[in-house]
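Data first, discussion second: the structure below is written as structure tokens.
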Amino acid sequence: MIKKVLIANRGEIALRIIRACHELGLRTVAVYSEADKRSLHVRFANEAVCIGPASSLDSYLKITSIISAAELTNADAIHPGYGFLAENADFVKICQDHDLTFIGPSANAIRNMGHKSKAKETMRRAGVPVVPGSDGIVNSIPEASKIAAEIGYPVMLKAVAGGGGKGMRLVDEPSGLEKAFLLASNEAETFFNNPDLYLEKLVVGSRHIEVQVIGDKFGNIIHLNERECSIQRRHQKLIEEAPSPVVSEKLRATMGEASVLGAKAVDYVGPGTIEYLVDDKMNFFFMEMNTRIQVEHPVTEQSLGIDLIKEQIRVASGERLSLTVSPPLMHSIECRINAEDPEHGFRPSPGKIESLHFPGGNGIRLDTHIYQSYEIPPFYDSLVAKLISYAQTRLEAIEKMRNALDEFVIEGIKTTIPFHQKMMRNKDFIDGNIDTKYLERNDWKNM
Ligand code: MV4
């Protein structure tokens, strides 16, 4: 039984988790860096412990400080949120060694899905469609060129320790392979301390569609439909929605069933996401599995009328799944409001919020940690708010989002609100004609 939860995170997700804990009657402990002492997660948790200076490496990523804070406050569980330690298998083991319940999947599941070519092999064996490519690591340039010739160009070289686009290279023809291999391998070594690469065929005209799954400790695993996440910029999602405007009931069932098989293959516990590339013929291919609660979980929640964080805590404490598979009830859209200047290449724009007005009304949800006179520190992620709309139809959800963005006032910093105001009036977005390259091909200012 969990009684007191330490939240090893900051910002909007720390608040989101604190609220869910309090609804469940659980006590909460916030941890914070010196830069976050005026943050709302510190005020709204029952207790708060300062764990170090501003730098993430010395605070939110510092395992010894977080474990000490949990022991000092007698917490019995740790919720990692997303980012930071959420997908660190060593951290899960250390929690277990200290009799702390890690609110998330097993260390094994995290490790298995963190190695991208092992993850792909696990999924392939479970019956999940994967992109044709190498069986595991490609050890040399000659081996890579042999496999590339077999499957046909263009191909992608990807880092096994990668994810999110780093250490990834597109190769159009045989002459480009050697250079791409060396560059990708070097980048992988620099970013992940692991130069190993795998190779696969390029999937063209693709959308990013992901399936939410959730499992309990009794081996029950269900899927909770898909999210469309194709509006991205440099591998950063900007808009997500549920359901996808292009997924039929039949495809939803097929992708859902495949995702459950994949999650079962790693005895998955808690909420997780299976990411797919979906090509122009609606073939879907496994890309990676995220073994955490994701930023965009609210669109699934608002589409189904559920609370994923509460369910995550319940299954971590050993309860049976209480959710069931059901078709989307509502359409929900999320706009990520970042402290960035979209007029200048989305460069970071931290600083003091001088004036603030929140939108509201029927079908609007706002997950945020900001308040008037709050100072956004420059050390962390630029996400300052998630604006979520939900309605019976996609068009109504877009209309509600448009109004909410127009009402939203944040002065003192630049935000991505003007970008979203444009997108919600863009014909291609309204028609659902979007793919992962949309923002590369189109300058948002001219849309
Ligand atoms: C691909 C691909 C096309 N073909 N793999 C990007 C991040 C990483 N998770 C995998 N990524 C891709 N892998 C094959 N075989 C295109 C991408 C990709 C992408 C995927 C999802 C969302 C946005 C993207 C932007 C550029 C490339």
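Chain labels A, B, ... are given in the sequence in which chains occur in the structure tokens; within each chain residues are numbered consecutively from 1, and ligands are likewise numbered from 1 in the order shown.
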Margin query: 9 Å from ligand 1 is the threshold here; counting only C-alpha atoms and all ligand atoms, which polymer residues fall inside it? Answer as a ChimeraX atom specification.
Written below: /A:131-133,155-158,162-166,168,170,199-209,229-237,275-277,285,287-288,435-437
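By only C-alpha atoms, and with residues fewer than 6 positions from region 366-383 of chain A along its chain excluded, the set lying at most 7 Å from it is Gly11, Glu12, Leu15, Ala35, Leu40, Ala54, Ser55, Arg336, Ile337, Asn338, Ala339, Glu340, Pro348, Pro350, Gly351, Lys352, Ile353, Glu354, Ser355 and Leu356 of chain A.
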Write out, as a short mmCIF file (atom, residue, chain, number, x, y, z; two decimals), in the first residue's frame, the residues just selected, with N, CA, C and O atoms.
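Contents of the output file selection_6.cif:
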data_model
loop_
_atom_site.label_atom_id
_atom_site.label_comp_id
_atom_site.auth_asym_id
_atom_site.auth_seq_id
_atom_site.Cartn_x
_atom_site.Cartn_y
_atom_site.Cartn_z
N GLY A 11 7.56 21.49 -12.53
CA GLY A 11 6.69 22.04 -13.57
C GLY A 11 5.29 21.48 -13.54
O GLY A 11 4.81 20.99 -12.52
N GLU A 12 4.65 21.53 -14.73
CA GLU A 12 3.23 21.16 -14.78
C GLU A 12 3.00 19.70 -14.39
O GLU A 12 1.98 19.38 -13.77
N LEU A 15 2.78 19.16 -10.63
CA LEU A 15 1.46 19.59 -10.14
C LEU A 15 0.38 18.57 -10.47
O LEU A 15 -0.47 18.24 -9.64
N ALA A 35 16.61 26.83 -8.02
CA ALA A 35 15.96 27.71 -9.00
C ALA A 35 14.44 27.60 -8.95
O ALA A 35 13.73 28.43 -9.50
N LEU A 40 5.07 26.22 -7.87
CA LEU A 40 3.81 25.77 -7.26
C LEU A 40 3.88 24.33 -6.74
O LEU A 40 3.17 24.00 -5.80
N ALA A 54 20.53 24.70 -9.26
CA ALA A 54 19.69 24.79 -10.45
C ALA A 54 19.95 23.68 -11.47
O ALA A 54 19.00 23.12 -12.02
N SER A 55 21.21 23.36 -11.73
CA SER A 55 21.55 22.40 -12.76
C SER A 55 20.85 21.06 -12.52
O SER A 55 20.93 20.49 -11.43
N ARG A 336 0.97 22.68 -27.16
CA ARG A 336 2.03 22.90 -26.17
C ARG A 336 2.44 24.37 -26.22
O ARG A 336 2.93 24.86 -27.25
N ILE A 337 2.24 25.07 -25.10
CA ILE A 337 2.64 26.47 -25.00
C ILE A 337 4.04 26.48 -24.38
O ILE A 337 4.22 26.12 -23.21
N ASN A 338 5.03 26.84 -25.20
CA ASN A 338 6.42 26.88 -24.75
C ASN A 338 6.89 28.32 -24.59
O ASN A 338 6.43 29.20 -25.33
N ALA A 339 7.82 28.53 -23.66
CA ALA A 339 8.46 29.84 -23.53
C ALA A 339 9.54 29.92 -24.61
O ALA A 339 10.73 29.75 -24.35
N GLU A 340 9.08 30.12 -25.84
CA GLU A 340 9.96 30.18 -27.02
C GLU A 340 9.42 31.25 -27.94
O GLU A 340 8.22 31.50 -27.96
N PRO A 348 14.61 29.87 -27.11
CA PRO A 348 14.08 29.95 -25.74
C PRO A 348 13.84 31.39 -25.30
O PRO A 348 14.59 32.30 -25.69
N PRO A 350 13.01 32.58 -21.71
CA PRO A 350 12.69 32.54 -20.27
C PRO A 350 12.52 33.96 -19.74
O PRO A 350 12.77 34.93 -20.46
N GLY A 351 12.08 34.08 -18.48
CA GLY A 351 11.95 35.41 -17.89
C GLY A 351 10.69 35.51 -17.05
O GLY A 351 10.01 34.52 -16.79
N LYS A 352 10.37 36.76 -16.65
CA LYS A 352 9.28 36.99 -15.71
C LYS A 352 7.95 37.18 -16.43
O LYS A 352 7.87 37.92 -17.42
N ILE A 353 6.91 36.52 -15.92
CA ILE A 353 5.57 36.70 -16.46
C ILE A 353 4.97 37.94 -15.82
O ILE A 353 4.68 37.96 -14.63
N GLU A 354 4.83 38.99 -16.62
CA GLU A 354 4.41 40.28 -16.08
C GLU A 354 2.90 40.35 -15.96
O GLU A 354 2.36 40.99 -15.06
N SER A 355 2.22 39.70 -16.90
CA SER A 355 0.77 39.78 -16.90
C SER A 355 0.24 38.46 -17.44
O SER A 355 0.84 37.87 -18.34
N LEU A 356 -0.87 37.99 -16.87
CA LEU A 356 -1.33 36.65 -17.22
C LEU A 356 -2.85 36.57 -17.14
O LEU A 356 -3.47 37.02 -16.18
#
Notebook entry, point to check: Leaving out region 106-110 of chain A and any residue of its chain fewer than 2 positions from it, which residues lie within 8 Å of it when counting only C-alpha atoms, given as a ChimeraX atom specification?
Noted result: /A:87-90,92-93,104,112-114,266-269,291
Check: Please, which residues of region 138-308 of chain A, numbered as in this document, come out helix (DSSP H, G or I) from DSSP, as JSON, numbers by chain?
Finding: {"A": [141, 142, 143, 144, 145, 146, 147, 148, 149, 150, 151, 174, 175, 176, 177, 178, 179, 180, 181, 182, 183, 184, 185, 186, 187, 188, 189, 190, 191, 192, 249, 250, 251, 252, 253, 254, 255, 256, 257, 258, 259, 260, 261, 262, 263, 264, 265, 297, 298, 299, 300, 301, 302, 303, 304, 308]}
Check: If we count only C-alpha atoms, what is near Val211 (chain A) at a cut-off of 9 Å, once residues fewer than 5 positions away on the same chain are taken out, given as a list in words?
Finding: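 Here the answer would be His223, Leu224, Asn225, Glu226, Arg227, Arg252, Met255, Gly256, Ser259, Gly272, Thr273, Ile274, Glu275 and Tyr276 of chain A.
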What does the file look like for those residues with N, CA and C atoms, as a PDB file, in the first residue's frame?
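result-v3.pdb, freshly written:
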ATOM      1  N   HIS A 223      -5.274  -1.497 -24.428  1.00  0.00           N
ATOM      2  CA  HIS A 223      -4.891  -0.267 -25.133  1.00  0.00           C
ATOM      3  C   HIS A 223      -5.990   0.765 -24.973  1.00  0.00           C
ATOM      4  N   LEU A 224      -5.609   2.031 -25.033  1.00  0.00           N
ATOM      5  CA  LEU A 224      -6.565   3.140 -24.865  1.00  0.00           C
ATOM      6  C   LEU A 224      -6.548   4.036 -26.105  1.00  0.00           C
ATOM      7  N   ASN A 225      -6.543   3.388 -27.270  1.00  0.00           N
ATOM      8  CA  ASN A 225      -6.615   4.097 -28.563  1.00  0.00           C
ATOM      9  C   ASN A 225      -5.334   4.878 -28.855  1.00  0.00           C
ATOM     10  N   GLU A 226      -5.390   5.624 -29.953  1.00  0.00           N
ATOM     11  CA  GLU A 226      -4.176   6.280 -30.449  1.00  0.00           C
ATOM     12  C   GLU A 226      -4.196   7.797 -30.231  1.00  0.00           C
ATOM     13  N   ARG A 227      -3.002   8.359 -30.366  1.00  0.00           N
ATOM     14  CA  ARG A 227      -2.850   9.814 -30.447  1.00  0.00           C
ATOM     15  C   ARG A 227      -2.116  10.133 -31.740  1.00  0.00           C
ATOM     16  N   ARG A 252      -7.736   1.111 -35.840  1.00  0.00           N
ATOM     17  CA  ARG A 252      -7.585   1.334 -34.392  1.00  0.00           C
ATOM     18  C   ARG A 252      -7.522  -0.007 -33.657  1.00  0.00           C
ATOM     19  N   MET A 255      -4.114  -1.792 -34.628  1.00  0.00           N
ATOM     20  CA  MET A 255      -2.958  -1.171 -33.965  1.00  0.00           C
ATOM     21  C   MET A 255      -3.012  -1.412 -32.456  1.00  0.00           C
ATOM     22  N   GLY A 256      -4.215  -1.344 -31.908  1.00  0.00           N
ATOM     23  CA  GLY A 256      -4.400  -1.565 -30.471  1.00  0.00           C
ATOM     24  C   GLY A 256      -3.998  -2.977 -30.080  1.00  0.00           C
ATOM     25  N   SER A 259      -0.310  -3.471 -30.228  1.00  0.00           N
ATOM     26  CA  SER A 259       0.363  -2.779 -29.124  1.00  0.00           C
ATOM     27  C   SER A 259       0.265  -3.573 -27.828  1.00  0.00           C
ATOM     28  N   GLY A 272       2.133   3.097 -20.838  1.00  0.00           N
ATOM     29  CA  GLY A 272       3.253   3.157 -21.777  1.00  0.00           C
ATOM     30  C   GLY A 272       2.714   3.509 -23.155  1.00  0.00           C
ATOM     31  N   THR A 273       3.617   3.861 -24.043  1.00  0.00           N
ATOM     32  CA  THR A 273       3.186   4.262 -25.381  1.00  0.00           C
ATOM     33  C   THR A 273       4.003   3.551 -26.433  1.00  0.00           C
ATOM     34  N   ILE A 274       3.315   2.981 -27.427  1.00  0.00           N
ATOM     35  CA  ILE A 274       4.004   2.379 -28.555  1.00  0.00           C
ATOM     36  C   ILE A 274       3.878   3.349 -29.725  1.00  0.00           C
ATOM     37  N   GLU A 275       5.030   3.830 -30.201  1.00  0.00           N
ATOM     38  CA  GLU A 275       5.049   4.803 -31.296  1.00  0.00           C
ATOM     39  C   GLU A 275       5.160   4.093 -32.638  1.00  0.00           C
ATOM     40  N   TYR A 276       4.364   4.544 -33.583  1.00  0.00           N
ATOM     41  CA  TYR A 276       4.408   3.973 -34.923  1.00  0.00           C
ATOM     42  C   TYR A 276       4.626   5.051 -35.975  1.00  0.00           C
TER      43      TYR A 276
END
Margin query: I want to know what sits within 10 Å of Ile417 (chain A), based on only C-alpha atoms, with residues of the same chain fewer than 4 positions away left out; could you give that as a list in words?
Written below: Cys335, Arg336, Ile337, Asn338, Ala339, Glu340, Asp341, Pro342, Leu387, Leu405, Asp406, Phe408, Val409, Ile410, Gln421, Lys422 and Met423 of chain A
Since we have the selection now, will you write its residues out, keeping all heavy atoms, as a compact mmCIF listing (two decimals), in the first residue's frame?
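Listing of selection_10.txt after writing:
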# COMPACT_ATOMS: atom_id res chain seq x y z
N CYS A 335 -2.36 21.83 -27.39
CA CYS A 335 -1.32 22.73 -27.91
C CYS A 335 -0.29 22.93 -26.81
O CYS A 335 -0.64 23.31 -25.69
CB CYS A 335 -1.93 24.09 -28.28
SG CYS A 335 -2.94 24.02 -29.77
N ARG A 336 0.97 22.68 -27.16
CA ARG A 336 2.03 22.90 -26.17
C ARG A 336 2.44 24.37 -26.22
O ARG A 336 2.93 24.86 -27.25
CB ARG A 336 3.25 22.03 -26.48
CG ARG A 336 2.98 20.56 -26.31
CD ARG A 336 4.29 19.81 -26.24
NE ARG A 336 4.08 18.38 -26.36
CZ ARG A 336 5.03 17.47 -26.18
NH1 ARG A 336 6.28 17.88 -25.91
NH2 ARG A 336 4.78 16.19 -26.31
N ILE A 337 2.24 25.07 -25.10
CA ILE A 337 2.64 26.47 -25.00
C ILE A 337 4.04 26.48 -24.38
O ILE A 337 4.22 26.12 -23.21
CB ILE A 337 1.65 27.28 -24.12
CG1 ILE A 337 0.18 26.97 -24.46
CG2 ILE A 337 1.97 28.77 -24.23
CD1 ILE A 337 -0.27 27.28 -25.86
N ASN A 338 5.03 26.84 -25.20
CA ASN A 338 6.42 26.88 -24.75
C ASN A 338 6.89 28.32 -24.59
O ASN A 338 6.43 29.20 -25.33
CB ASN A 338 7.34 26.18 -25.76
CG ASN A 338 7.03 24.70 -25.92
OD1 ASN A 338 6.50 24.07 -25.00
ND2 ASN A 338 7.35 24.16 -27.07
N ALA A 339 7.82 28.53 -23.66
CA ALA A 339 8.46 29.84 -23.53
C ALA A 339 9.54 29.92 -24.61
O ALA A 339 10.73 29.75 -24.35
CB ALA A 339 9.06 30.00 -22.13
N GLU A 340 9.08 30.12 -25.84
CA GLU A 340 9.96 30.18 -27.02
C GLU A 340 9.42 31.25 -27.94
O GLU A 340 8.22 31.50 -27.96
CB GLU A 340 9.94 28.84 -27.77
CG GLU A 340 10.59 27.69 -27.01
CD GLU A 340 10.37 26.34 -27.69
OE1 GLU A 340 9.76 26.31 -28.78
OE2 GLU A 340 10.81 25.34 -27.11
N ASP A 341 10.32 31.83 -28.76
CA ASP A 341 9.90 32.87 -29.69
C ASP A 341 9.75 32.27 -31.09
O ASP A 341 10.74 32.08 -31.80
CB ASP A 341 10.95 33.99 -29.70
CG ASP A 341 10.53 35.14 -30.60
OD1 ASP A 341 9.45 35.04 -31.23
OD2 ASP A 341 11.28 36.13 -30.68
N PRO A 342 8.52 32.00 -31.52
CA PRO A 342 8.32 31.37 -32.83
C PRO A 342 8.71 32.30 -33.99
O PRO A 342 8.97 31.82 -35.09
CB PRO A 342 6.83 31.04 -32.85
CG PRO A 342 6.20 31.96 -31.87
CD PRO A 342 7.24 32.25 -30.83
N LEU A 387 -2.46 23.47 -23.27
CA LEU A 387 -3.85 23.89 -23.45
C LEU A 387 -4.56 22.76 -24.19
O LEU A 387 -4.14 22.36 -25.28
CB LEU A 387 -3.90 25.21 -24.23
CG LEU A 387 -5.29 25.79 -24.50
CD1 LEU A 387 -6.07 26.04 -23.21
CD2 LEU A 387 -5.16 27.10 -25.28
N LEU A 405 -7.06 30.07 -27.33
CA LEU A 405 -5.76 30.69 -27.64
C LEU A 405 -5.91 32.20 -27.73
O LEU A 405 -5.02 32.95 -27.30
CB LEU A 405 -5.23 30.13 -28.96
CG LEU A 405 -4.72 28.68 -28.93
CD1 LEU A 405 -4.65 28.11 -30.35
CD2 LEU A 405 -3.36 28.58 -28.25
N ASP A 406 -7.02 32.66 -28.30
CA ASP A 406 -7.25 34.10 -28.44
C ASP A 406 -7.45 34.78 -27.08
O ASP A 406 -7.14 35.96 -26.92
CB ASP A 406 -8.46 34.37 -29.35
CG ASP A 406 -8.20 33.95 -30.80
OD1 ASP A 406 -7.04 33.61 -31.13
OD2 ASP A 406 -9.16 33.94 -31.61
N PHE A 408 -5.99 33.66 -24.27
CA PHE A 408 -4.81 33.40 -23.43
C PHE A 408 -3.84 34.59 -23.52
O PHE A 408 -3.38 34.95 -24.60
CB PHE A 408 -4.11 32.13 -23.95
CG PHE A 408 -3.33 31.35 -22.91
CD1 PHE A 408 -3.08 29.99 -23.12
CD2 PHE A 408 -2.85 31.94 -21.75
CE1 PHE A 408 -2.36 29.24 -22.18
CE2 PHE A 408 -2.14 31.20 -20.81
CZ PHE A 408 -1.90 29.85 -21.03
N VAL A 409 -3.57 35.25 -22.40
CA VAL A 409 -2.62 36.36 -22.38
C VAL A 409 -1.43 35.99 -21.50
O VAL A 409 -1.61 35.63 -20.33
CB VAL A 409 -3.28 37.65 -21.81
CG1 VAL A 409 -2.26 38.79 -21.77
CG2 VAL A 409 -4.51 38.05 -22.62
N ILE A 410 -0.25 35.99 -22.08
CA ILE A 410 0.98 35.81 -21.30
C ILE A 410 1.91 36.94 -21.72
O ILE A 410 2.37 36.97 -22.86
CB ILE A 410 1.68 34.45 -21.57
CG1 ILE A 410 0.71 33.27 -21.36
CG2 ILE A 410 2.91 34.29 -20.68
CD1 ILE A 410 1.34 31.89 -21.62
N GLN A 421 -2.20 29.73 -32.93
CA GLN A 421 -3.33 30.48 -33.49
C GLN A 421 -3.37 30.33 -35.01
O GLN A 421 -4.43 30.17 -35.60
CB GLN A 421 -3.21 31.97 -33.11
CG GLN A 421 -3.53 32.23 -31.65
CD GLN A 421 -3.29 33.67 -31.25
OE1 GLN A 421 -2.17 34.18 -31.38
NE2 GLN A 421 -4.32 34.34 -30.75
N LYS A 422 -2.18 30.34 -35.63
CA LYS A 422 -2.09 30.13 -37.09
C LYS A 422 -2.52 28.71 -37.46
O LYS A 422 -3.31 28.50 -38.38
CB LYS A 422 -0.64 30.35 -37.54
CG LYS A 422 -0.36 31.77 -38.03
CD LYS A 422 -0.19 31.81 -39.55
CE LYS A 422 -0.47 33.19 -40.14
NZ LYS A 422 0.62 34.14 -39.93
N MET A 423 -1.98 27.73 -36.75
CA MET A 423 -2.27 26.32 -37.07
C MET A 423 -3.75 26.00 -36.98
O MET A 423 -4.29 25.25 -37.79
CB MET A 423 -1.48 25.38 -36.15
CG MET A 423 -0.01 25.25 -36.48
SD MET A 423 0.34 24.74 -38.18
CE MET A 423 -0.23 23.05 -38.17
Next item on the list: May I have the residues within 8 Å of region 391-400 of chain A as a ChimeraX atom specification, using only C-alpha atoms and disregarding those fewer than 4 positions away in the same chain?
Entry: /A:245,329-333,363-364,404,424,430
Checklist line | Minimum-distance residue to Leu323 (chain A), chosen among A:Val295, A:Ile137, A:Ile222, A:Gly360 (using only C-alpha atoms) | finding: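 So, comparing all the options, the nearest one is A:Ile222.
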Check: Near Gly345 (chain A), within 12 Å and counting only C-alpha atoms, which residues show up once chain neighbours fewer than 6 positions away are dropped, as a PyMOL selection string?
Finding: chain A and resi 233-234+414-416+419+439+443-445
